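K.L.:
Structure below; questions to follow.
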Amino acid sequence: MYPNQFEGQNPIQQALGINRNPYKKMYKTCMKNRNQHVQLMLIDGMTYSGFIEYVDQQNVYFAIPYVENNQNESRSTQSQYNVAGYQLYRCMFPLQAVAGVSGAF
């Protein structure tokens, strides 16, 4: 999956994780939190709340649920728990731009 970055290093460097791929840990974190409601924080400070749909070695594919406002329906017919109006906004973030993932909030 990832190229062996430890070739040519001594065993002490391997044990301490020196020169380890920094994105491998974030990849594993994203994979662990797939299909769960999480908050994704990017390195520029922006945060997004949604679901990690898919992760590859370069990108995180994210779905953000939102409610589409229908002007045709009256407020009395809309319910607080009505899930019929939910839509998904799908986006993709580079794995290098992800600073952290916090789940189950």
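Every chain in the structure tokens takes a letter, A first, then B, and so on in the order presented; its residues are numbered from 1, and the ligands are numbered from 1 following the presented order.
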What's the 12 Å shell around range 48-54 of chain A, counting only C-alpha atoms, without same-chain residues fewer than 5 positions away, as a PDB file with N, CA and C atoms, in the first residue's frame?
P.N.:
```pdb
ATOM      1  N   TYR A  27      -4.475   8.565   7.375  1.00  0.00           N
ATOM      2  CA  TYR A  27      -5.195   7.613   6.524  1.00  0.00           C
ATOM      3  C   TYR A  27      -5.877   6.551   7.381  1.00  0.00           C
ATOM      4  N   LYS A  28      -5.151   5.998   8.333  1.00  0.00           N
ATOM      5  CA  LYS A  28      -5.715   4.973   9.209  1.00  0.00           C
ATOM      6  C   LYS A  28      -6.843   5.539  10.080  1.00  0.00           C
ATOM      7  N   THR A  29      -6.680   6.765  10.566  1.00  0.00           N
ATOM      8  CA  THR A  29      -7.714   7.403  11.375  1.00  0.00           C
ATOM      9  C   THR A  29      -8.986   7.616  10.561  1.00  0.00           C
ATOM     10  N   CYS A  30      -8.820   8.069   9.326  1.00  0.00           N
ATOM     11  CA  CYS A  30      -9.985   8.277   8.465  1.00  0.00           C
ATOM     12  C   CYS A  30     -10.662   6.952   8.129  1.00  0.00           C
ATOM     13  N   MET A  31      -9.871   5.920   7.867  1.00  0.00           N
ATOM     14  CA  MET A  31     -10.447   4.606   7.561  1.00  0.00           C
ATOM     15  C   MET A  31     -11.229   4.052   8.757  1.00  0.00           C
ATOM     16  N   LYS A  32     -10.717   4.286   9.955  1.00  0.00           N
ATOM     17  CA  LYS A  32     -11.380   3.800  11.168  1.00  0.00           C
ATOM     18  C   LYS A  32     -12.723   4.501  11.379  1.00  0.00           C
ATOM     19  N   ASN A  33     -12.827   5.744  10.935  1.00  0.00           N
ATOM     20  CA  ASN A  33     -14.038   6.536  11.149  1.00  0.00           C
ATOM     21  C   ASN A  33     -14.943   6.609   9.923  1.00  0.00           C
ATOM     22  N   ARG A  34     -14.748   5.716   8.961  1.00  0.00           N
ATOM     23  CA  ARG A  34     -15.606   5.707   7.777  1.00  0.00           C
ATOM     24  C   ARG A  34     -17.047   5.419   8.165  1.00  0.00           C
ATOM     25  N   ASN A  35     -17.958   6.089   7.467  1.00  0.00           N
ATOM     26  CA  ASN A  35     -19.409   5.925   7.650  1.00  0.00           C
ATOM     27  C   ASN A  35     -19.876   6.272   9.057  1.00  0.00           C
ATOM     28  N   GLN A  36     -19.145   7.125   9.721  1.00  0.00           N
ATOM     29  CA  GLN A  36     -19.534   7.621  11.044  1.00  0.00           C
ATOM     30  C   GLN A  36     -19.613   9.143  10.989  1.00  0.00           C
ATOM     31  N   HIS A  37     -20.457   9.706  11.830  1.00  0.00           N
ATOM     32  CA  HIS A  37     -20.574  11.162  11.887  1.00  0.00           C
ATOM     33  C   HIS A  37     -19.352  11.717  12.600  1.00  0.00           C
ATOM     34  N   VAL A  38     -18.569  12.526  11.899  1.00  0.00           N
ATOM     35  CA  VAL A  38     -17.321  13.063  12.444  1.00  0.00           C
ATOM     36  C   VAL A  38     -17.219  14.543  12.134  1.00  0.00           C
ATOM     37  N   GLN A  39     -16.265  15.160  12.789  1.00  0.00           N
ATOM     38  CA  GLN A  39     -15.904  16.530  12.482  1.00  0.00           C
ATOM     39  C   GLN A  39     -14.493  16.496  11.910  1.00  0.00           C
ATOM     40  N   LEU A  40     -14.337  17.006  10.696  1.00  0.00           N
ATOM     41  CA  LEU A  40     -13.075  16.987   9.972  1.00  0.00           C
ATOM     42  C   LEU A  40     -12.460  18.373  10.047  1.00  0.00           C
ATOM     43  N   MET A  41     -11.227  18.460  10.549  1.00  0.00           N
ATOM     44  CA  MET A  41     -10.540  19.749  10.642  1.00  0.00           C
ATOM     45  C   MET A  41      -9.393  19.765   9.646  1.00  0.00           C
ATOM     46  N   LEU A  42      -9.336  20.842   8.867  1.00  0.00           N
ATOM     47  CA  LEU A  42      -8.273  20.991   7.881  1.00  0.00           C
ATOM     48  C   LEU A  42      -7.139  21.829   8.453  1.00  0.00           C
ATOM     49  N   ASN A  59      -6.827  11.173  -1.086  1.00  0.00           N
ATOM     50  CA  ASN A  59      -7.997  12.011  -0.831  1.00  0.00           C
ATOM     51  C   ASN A  59      -8.932  11.406   0.206  1.00  0.00           C
ATOM     52  N   VAL A  60      -9.697  12.302   0.834  1.00  0.00           N
ATOM     53  CA  VAL A  60     -10.778  11.926   1.735  1.00  0.00           C
ATOM     54  C   VAL A  60     -12.071  12.401   1.077  1.00  0.00           C
ATOM     55  N   TYR A  61     -13.012  11.484   0.867  1.00  0.00           N
ATOM     56  CA  TYR A  61     -14.286  11.806   0.241  1.00  0.00           C
ATOM     57  C   TYR A  61     -15.316  11.962   1.354  1.00  0.00           C
ATOM     58  N   PHE A  62     -15.906  13.147   1.438  1.00  0.00           N
ATOM     59  CA  PHE A  62     -16.698  13.563   2.584  1.00  0.00           C
ATOM     60  C   PHE A  62     -18.101  13.929   2.127  1.00  0.00           C
ATOM     61  N   ALA A  63     -19.106  13.578   2.927  1.00  0.00           N
ATOM     62  CA  ALA A  63     -20.507  13.916   2.653  1.00  0.00           C
ATOM     63  C   ALA A  63     -21.035  14.759   3.800  1.00  0.00           C
ATOM     64  N   ILE A  64     -21.586  15.929   3.449  1.00  0.00           N
ATOM     65  CA  ILE A  64     -22.120  16.851   4.447  1.00  0.00           C
ATOM     66  C   ILE A  64     -23.635  16.917   4.267  1.00  0.00           C
ATOM     67  N   PRO A  65     -24.407  16.466   5.264  1.00  0.00           N
ATOM     68  CA  PRO A  65     -25.872  16.536   5.127  1.00  0.00           C
ATOM     69  C   PRO A  65     -26.374  17.962   5.356  1.00  0.00           C
ATOM     70  N   TYR A  66     -27.377  18.348   4.589  1.00  0.00           N
ATOM     71  CA  TYR A  66     -28.016  19.641   4.788  1.00  0.00           C
ATOM     72  C   TYR A  66     -29.486  19.513   4.444  1.00  0.00           C
ATOM     73  N   GLN A  87     -30.446  16.460   2.078  1.00  0.00           N
ATOM     74  CA  GLN A  87     -29.633  16.254   0.884  1.00  0.00           C
ATOM     75  C   GLN A  87     -28.188  16.063   1.333  1.00  0.00           C
ATOM     76  N   LEU A  88     -27.350  15.538   0.460  1.00  0.00           N
ATOM     77  CA  LEU A  88     -25.930  15.379   0.765  1.00  0.00           C
ATOM     78  C   LEU A  88     -25.105  16.242  -0.174  1.00  0.00           C
ATOM     79  N   TYR A  89     -24.204  16.994   0.410  1.00  0.00           N
ATOM     80  CA  TYR A  89     -23.225  17.739  -0.361  1.00  0.00           C
ATOM     81  C   TYR A  89     -21.930  16.945  -0.290  1.00  0.00           C
ATOM     82  N   ARG A  90     -21.465  16.436  -1.414  1.00  0.00           N
ATOM     83  CA  ARG A  90     -20.257  15.606  -1.437  1.00  0.00           C
ATOM     84  C   ARG A  90     -19.070  16.453  -1.857  1.00  0.00           C
ATOM     85  N   CYS A  91     -17.966  16.265  -1.158  1.00  0.00           N
ATOM     86  CA  CYS A  91     -16.749  16.994  -1.483  1.00  0.00           C
ATOM     87  C   CYS A  91     -15.546  16.088  -1.246  1.00  0.00           C
ATOM     88  N   MET A  92     -14.412  16.550  -1.714  1.00  0.00           N
ATOM     89  CA  MET A  92     -13.182  15.777  -1.617  1.00  0.00           C
ATOM     90  C   MET A  92     -12.094  16.696  -1.068  1.00  0.00           C
ATOM     91  N   PHE A  93     -11.353  16.183  -0.084  1.00  0.00           N
ATOM     92  CA  PHE A  93     -10.244  16.934   0.496  1.00  0.00           C
ATOM     93  C   PHE A  93      -8.959  16.134   0.319  1.00  0.00           C
ATOM     94  N   LEU A  95      -5.680  14.371   1.421  1.00  0.00           N
ATOM     95  CA  LEU A  95      -5.300  13.798   2.709  1.00  0.00           C
ATOM     96  C   LEU A  95      -4.264  14.661   3.412  1.00  0.00           C
ATOM     97  N   VAL A  98      -5.782  17.409   5.755  1.00  0.00           N
ATOM     98  CA  VAL A  98      -6.547  17.032   6.948  1.00  0.00           C
ATOM     99  C   VAL A  98      -5.647  17.113   8.167  1.00  0.00           C
ATOM    100  N   ALA A  99      -6.053  17.929   9.141  1.00  0.00           N
ATOM    101  CA  ALA A  99      -5.285  18.082  10.371  1.00  0.00           C
ATOM    102  C   ALA A  99      -5.780  17.139  11.462  1.00  0.00           C
ATOM    103  N   GLY A 100      -7.077  16.828  11.455  1.00  0.00           N
ATOM    104  CA  GLY A 100      -7.608  15.949  12.502  1.00  0.00           C
ATOM    105  C   GLY A 100      -9.019  15.516  12.219  1.00  0.00           C
ATOM    106  N   VAL A 101      -9.396  14.430  12.889  1.00  0.00           N
ATOM    107  CA  VAL A 101     -10.735  13.866  12.783  1.00  0.00           C
ATOM    108  C   VAL A 101     -11.211  13.590  14.200  1.00  0.00           C
ATOM    109  N   SER A 102     -12.365  14.148  14.559  1.00  0.00           N
ATOM    110  CA  SER A 102     -12.930  13.828  15.866  1.00  0.00           C
ATOM    111  C   SER A 102     -14.309  13.230  15.632  1.00  0.00           C
ATOM    112  N   GLY A 103     -14.558  12.109  16.267  1.00  0.00           N
ATOM    113  CA  GLY A 103     -15.803  11.398  16.046  1.00  0.00           C
ATOM    114  C   GLY A 103     -16.660  11.327  17.284  1.00  0.00           C
ATOM    115  N   ALA A 104     -17.874  10.906  17.085  1.00  0.00           N
ATOM    116  CA  ALA A 104     -18.841  10.648  18.161  1.00  0.00           C
ATOM    117  C   ALA A 104     -18.983  11.829  19.092  1.00  0.00           C
ATOM    118  N   PHE A 105     -19.448  12.952  18.535  1.00  0.00           N
ATOM    119  CA  PHE A 105     -19.669  14.132  19.375  1.00  0.00           C
ATOM    120  C   PHE A 105     -21.117  14.411  19.546  1.00  0.00           C
TER     121      PHE A 105
END
```
K.L.:
Return as a PyMOL selection string the full set of residues in range 18-56 of chain A whose backbone-based DSSP assignment is strand (DSSP E).
P.N.:
chain A and resi 37-42+47-55
K.L.:
Provide the CA of Gly45 in chain A to CA of Ala97 in chain A distance in Å, to one decimal place.
P.N.:
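CA of Gly45 in chain A sits 10.0 Å away from CA of Ala97 in chain A.
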